[in-house]
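As provided, upload-v2.txt (compact mmCIF, C-alpha atoms) reads as follows.
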# COMPACT_ATOMS: atom_id res chain seq x y z
CA MET A 1 102.21 -158.67 28.36
CA PHE A 2 102.86 -162.38 27.92
CA SER A 3 105.62 -162.32 30.54
CA LYS A 4 103.23 -160.68 33.04
CA LEU A 5 100.73 -163.48 32.49
CA ILE A 6 103.39 -166.12 33.02
CA PHE A 7 104.54 -164.37 36.20
CA ARG A 8 100.97 -164.19 37.54
CA TRP A 9 100.36 -167.85 36.72
CA PHE A 10 103.62 -168.84 38.42
CA PHE A 11 102.84 -166.72 41.51
CA LEU A 12 99.31 -168.09 41.78
CA THR A 13 100.56 -171.67 41.40
CA LEU A 14 103.24 -171.08 44.02
CA SER A 15 100.73 -169.49 46.41
CA MET A 16 98.28 -172.34 46.02
CA SER A 17 100.91 -175.02 46.52
CA THR A 18 102.18 -173.26 49.65
CA ILE A 19 98.65 -173.19 51.06
CA LEU A 20 98.12 -176.84 50.17
CA TYR A 21 101.27 -177.99 51.90
CA SER A 22 100.72 -175.81 54.95
CA GLY A 23 97.62 -177.51 56.21
CA CYS A 24 95.28 -178.61 53.44
CA ALA A 25 97.11 -181.71 52.24
CA GLY A 26 94.98 -184.13 54.25
CA LEU A 27 91.61 -182.61 53.41
CA ASP A 28 89.05 -183.83 50.94
CA ASN A 29 89.30 -182.19 47.56
CA LYS A 30 86.12 -180.07 47.77
CA THR A 31 86.97 -178.61 51.18
CA SER A 32 90.57 -177.84 50.29
CA LYS A 33 89.51 -176.15 47.05
CA LYS A 34 86.97 -174.02 48.91
CA LEU A 35 89.53 -173.02 51.55
CA ILE A 36 92.17 -172.16 48.94
CA ALA A 37 89.69 -170.21 46.82
CA SER A 38 88.48 -168.22 49.83
CA GLN A 39 92.02 -167.42 50.97
CA GLU A 40 92.89 -166.30 47.47
CA ARG A 41 89.71 -164.20 47.21
CA VAL A 42 90.52 -162.39 50.45
CA ARG A 43 94.07 -161.81 49.24
CA LEU A 44 92.95 -160.45 45.85
CA TYR A 45 89.88 -158.54 47.06
CA PRO A 46 90.51 -157.52 50.68
CA LYS A 47 87.60 -155.07 50.71
CA GLU A 48 84.98 -157.61 49.64
CA CYS A 49 82.70 -159.17 52.24
CA LEU A 50 82.05 -162.53 50.57
CA GLY A 51 85.68 -163.63 50.66
CA TYR A 52 85.77 -163.34 54.44
CA ILE A 53 82.44 -165.12 54.82
CA GLY A 54 83.59 -167.91 52.51
CA LEU A 55 86.82 -168.28 54.45
CA GLY A 56 84.97 -168.49 57.76
CA ASN A 57 82.52 -171.01 56.32
CA ALA A 58 85.38 -173.14 54.94
CA TYR A 59 87.02 -173.25 58.38
CA SER A 60 83.66 -174.16 59.92
CA GLU A 61 83.30 -177.08 57.53
CA LEU A 62 86.67 -178.27 58.79
CA ASN A 63 85.46 -177.96 62.40
CA GLN A 64 88.09 -175.28 62.97
CA PHE A 65 85.65 -172.95 64.65
CA GLN A 66 88.22 -170.78 66.40
CA LYS A 67 89.81 -170.02 63.04
CA ALA A 68 86.36 -169.43 61.51
CA ILE A 69 85.60 -166.60 63.92
CA VAL A 70 88.61 -164.56 62.77
CA PRO A 71 87.49 -163.80 59.18
CA TYR A 72 83.92 -163.21 60.37
CA ARG A 73 85.17 -160.66 62.89
CA ASP A 74 87.46 -159.12 60.25
CA ALA A 75 84.49 -158.56 57.93
CA ILE A 76 82.65 -156.75 60.73
CA ARG A 77 85.71 -154.82 61.94
CA LEU A 78 86.53 -153.63 58.42
CA ASN A 79 82.85 -152.70 57.91
CA LEU A 80 82.72 -154.63 54.63
CA CYS A 81 79.23 -156.11 54.85
CA SER A 82 75.98 -154.21 54.87
CA ASN A 83 74.05 -157.08 56.50
CA LYS A 84 75.95 -157.99 59.61
CA ASP A 85 73.12 -160.05 61.08
CA TYR A 86 74.05 -163.30 59.38
CA ILE A 87 77.74 -162.81 60.19
CA TYR A 88 76.87 -162.54 63.88
CA LEU A 89 74.80 -165.71 63.46
CA TYR A 90 77.86 -167.52 62.06
CA ILE A 91 79.97 -166.19 64.95
CA GLY A 92 77.34 -167.43 67.40
CA ASP A 93 77.31 -170.85 65.76
CA SER A 94 81.09 -171.07 65.99
CA HIS A 95 81.11 -170.10 69.67
CA ASN A 96 78.32 -172.60 70.31
CA GLU A 97 80.35 -175.39 68.68
CA LEU A 98 83.31 -174.44 70.87
CA GLY A 99 81.13 -174.63 73.98
CA GLN A 100 81.45 -170.88 74.58
CA LEU A 101 77.78 -170.43 75.35
CA LYS A 102 77.89 -166.90 76.76
CA LEU A 103 79.72 -165.65 73.67
CA ALA A 104 77.26 -167.50 71.43
CA ILE A 105 74.32 -165.83 73.20
CA GLU A 106 75.95 -162.41 72.81
CA ALA A 107 76.49 -163.02 69.09
CA TYR A 108 72.90 -164.16 68.54
CA LYS A 109 71.63 -161.09 70.42
CA GLU A 110 73.83 -158.89 68.23
CA ALA A 111 72.35 -160.54 65.14
CA ILE A 112 68.88 -159.70 66.43
CA ARG A 113 69.93 -156.09 67.19
CA ASN A 114 71.06 -155.78 63.57
CA ASN A 115 67.86 -157.33 62.24
CA PRO A 116 64.99 -157.72 64.72
CA ASN A 117 63.05 -159.82 62.18
CA TYR A 118 65.81 -162.41 61.74
CA ALA A 119 63.87 -165.55 62.70
CA LYS A 120 66.86 -167.87 62.59
CA ALA A 121 68.73 -165.74 65.16
CA HIS A 122 65.67 -165.74 67.44
CA PHE A 123 65.40 -169.52 67.06
CA LYS A 124 69.07 -170.14 67.84
CA LEU A 125 68.95 -167.78 70.81
CA GLY A 126 65.92 -169.66 72.12
CA GLN A 127 67.79 -172.95 71.80
CA MET A 128 70.52 -171.60 74.08
CA TYR A 129 68.18 -171.41 77.08
Could you write out this file's structure as structure tokens?
Amino acid sequence: MFSKLIFRWFFLTLSMSTILYSGCAGLDNKTSKKLIASQERVRLYPKECLGYIGLGNAYSELNQFQKAIVPYRDAIRLNLCSNKDYIYLYIGDSHNELGQLKLAIEAYKEAIRNNPNYAKAHFKLGQMY
């Protein structure tokens, strides 16, 4: 039992250091911790919605909007989240930041299709025109 714990600790430490050195080394501490935690959560719990959302949000905080769209889309594609409206809102925000206005409008409309009472999606869609 003790050897399994040591192995898990070693593997987790190795995984985290690999992630740190592969792109997080220059980030502020809070952002890098959030990114690492989200990547680890997706790895450990691949059928849980919040890991994908957290990963997308972490990339958004880094202004890596193209990378942010991928975990959001994965959460939808894998049908992990019951409320897809806010995920489509995040996708729309990412496309908007990238200057992909048509894709942002489509995402906001999809958020509204999923929840017609989602005021924030209506507001953001209105801002696009």
Do you know which residues are at most 8 Å from Ala107 of chain A counting all atoms listed in the file, after dropping those on the same chain fewer than 5 positions away, and could you put them as a CSV table (one decimal) with C-alpha atoms, in the coordinates of the input?
chain,number,residue,atom,x,y,z
A,88,TYR,CA,76.9,-162.5,63.9
A,89,LEU,CA,74.8,-165.7,63.5
A,91,ILE,CA,80.0,-166.2,65.0
A,92,GLY,CA,77.3,-167.4,67.4
Cut-off 12 Å around (66.7, -164.7, 69.3) with all atoms listed in the file: residues as a ChimeraX atom specification: /A:85,88-89,92,104-129
Output C-alpha atoms for every residue in the selection just made, as a short mmCIF file (atom, residue, chain, number, x, y, z; two decimals), in the coordinates of the input.
data_model
loop_
_atom_site.label_atom_id
_atom_site.label_comp_id
_atom_site.auth_asym_id
_atom_site.auth_seq_id
_atom_site.Cartn_x
_atom_site.Cartn_y
_atom_site.Cartn_z
CA ASP A 85 73.12 -160.05 61.08
CA TYR A 88 76.87 -162.54 63.88
CA LEU A 89 74.80 -165.71 63.46
CA GLY A 92 77.34 -167.43 67.40
CA ALA A 104 77.26 -167.50 71.43
CA ILE A 105 74.32 -165.83 73.20
CA GLU A 106 75.95 -162.41 72.81
CA ALA A 107 76.49 -163.02 69.09
CA TYR A 108 72.90 -164.16 68.54
CA LYS A 109 71.63 -161.09 70.42
CA GLU A 110 73.83 -158.89 68.23
CA ALA A 111 72.35 -160.54 65.14
CA ILE A 112 68.88 -159.70 66.43
CA ARG A 113 69.93 -156.09 67.19
CA ASN A 114 71.06 -155.78 63.57
CA ASN A 115 67.86 -157.33 62.24
CA PRO A 116 64.99 -157.72 64.72
CA ASN A 117 63.05 -159.82 62.18
CA TYR A 118 65.81 -162.41 61.74
CA ALA A 119 63.87 -165.55 62.70
CA LYS A 120 66.86 -167.87 62.59
CA ALA A 121 68.73 -165.74 65.16
CA HIS A 122 65.67 -165.74 67.44
CA PHE A 123 65.40 -169.52 67.06
CA LYS A 124 69.07 -170.14 67.84
CA LEU A 125 68.95 -167.78 70.81
CA GLY A 126 65.92 -169.66 72.12
CA GLN A 127 67.79 -172.95 71.80
CA MET A 128 70.52 -171.60 74.08
CA TYR A 129 68.18 -171.41 77.08
#
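Put simply, atom CA of Glu61 of chain A is 15.5 Å away from atom CA of Ile87 of chain A.
Residue nearest Ala68 of chain A within the list A:Val42, A:Leu101, A:Leu55, A:Cys81: A:Leu55 [criterion: smallest interatomic distance, all atoms listed in the file].
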Distance in Å - atom CA of Leu103 of chain A versus atom CA of Ile53 of chain A: 19.1 Å
Between atom CA of Lys30 of chain A and atom CA of Arg77 of chain A - distance in Å to one decimal: 29.0 Å
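Considering the residues A:Lys67, A:His95, A:Lys84, A:Lys33 and counting all atoms listed in the file, Cys49 of chain A has its shortest atom-to-atom contact with A:Lys84.
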Which residue of A:Phe65, A:Arg41, A:Tyr52, A:Lys34 approaches Leu80 of chain A most closely, using all atoms listed in the file: A:Tyr52
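With only C-alpha atoms as the basis for measurement, A:Tyr86 is the residue among A:Gln39, A:Gly99, A:Tyr86, A:Ser32 that approaches Arg73 of chain A most closely.
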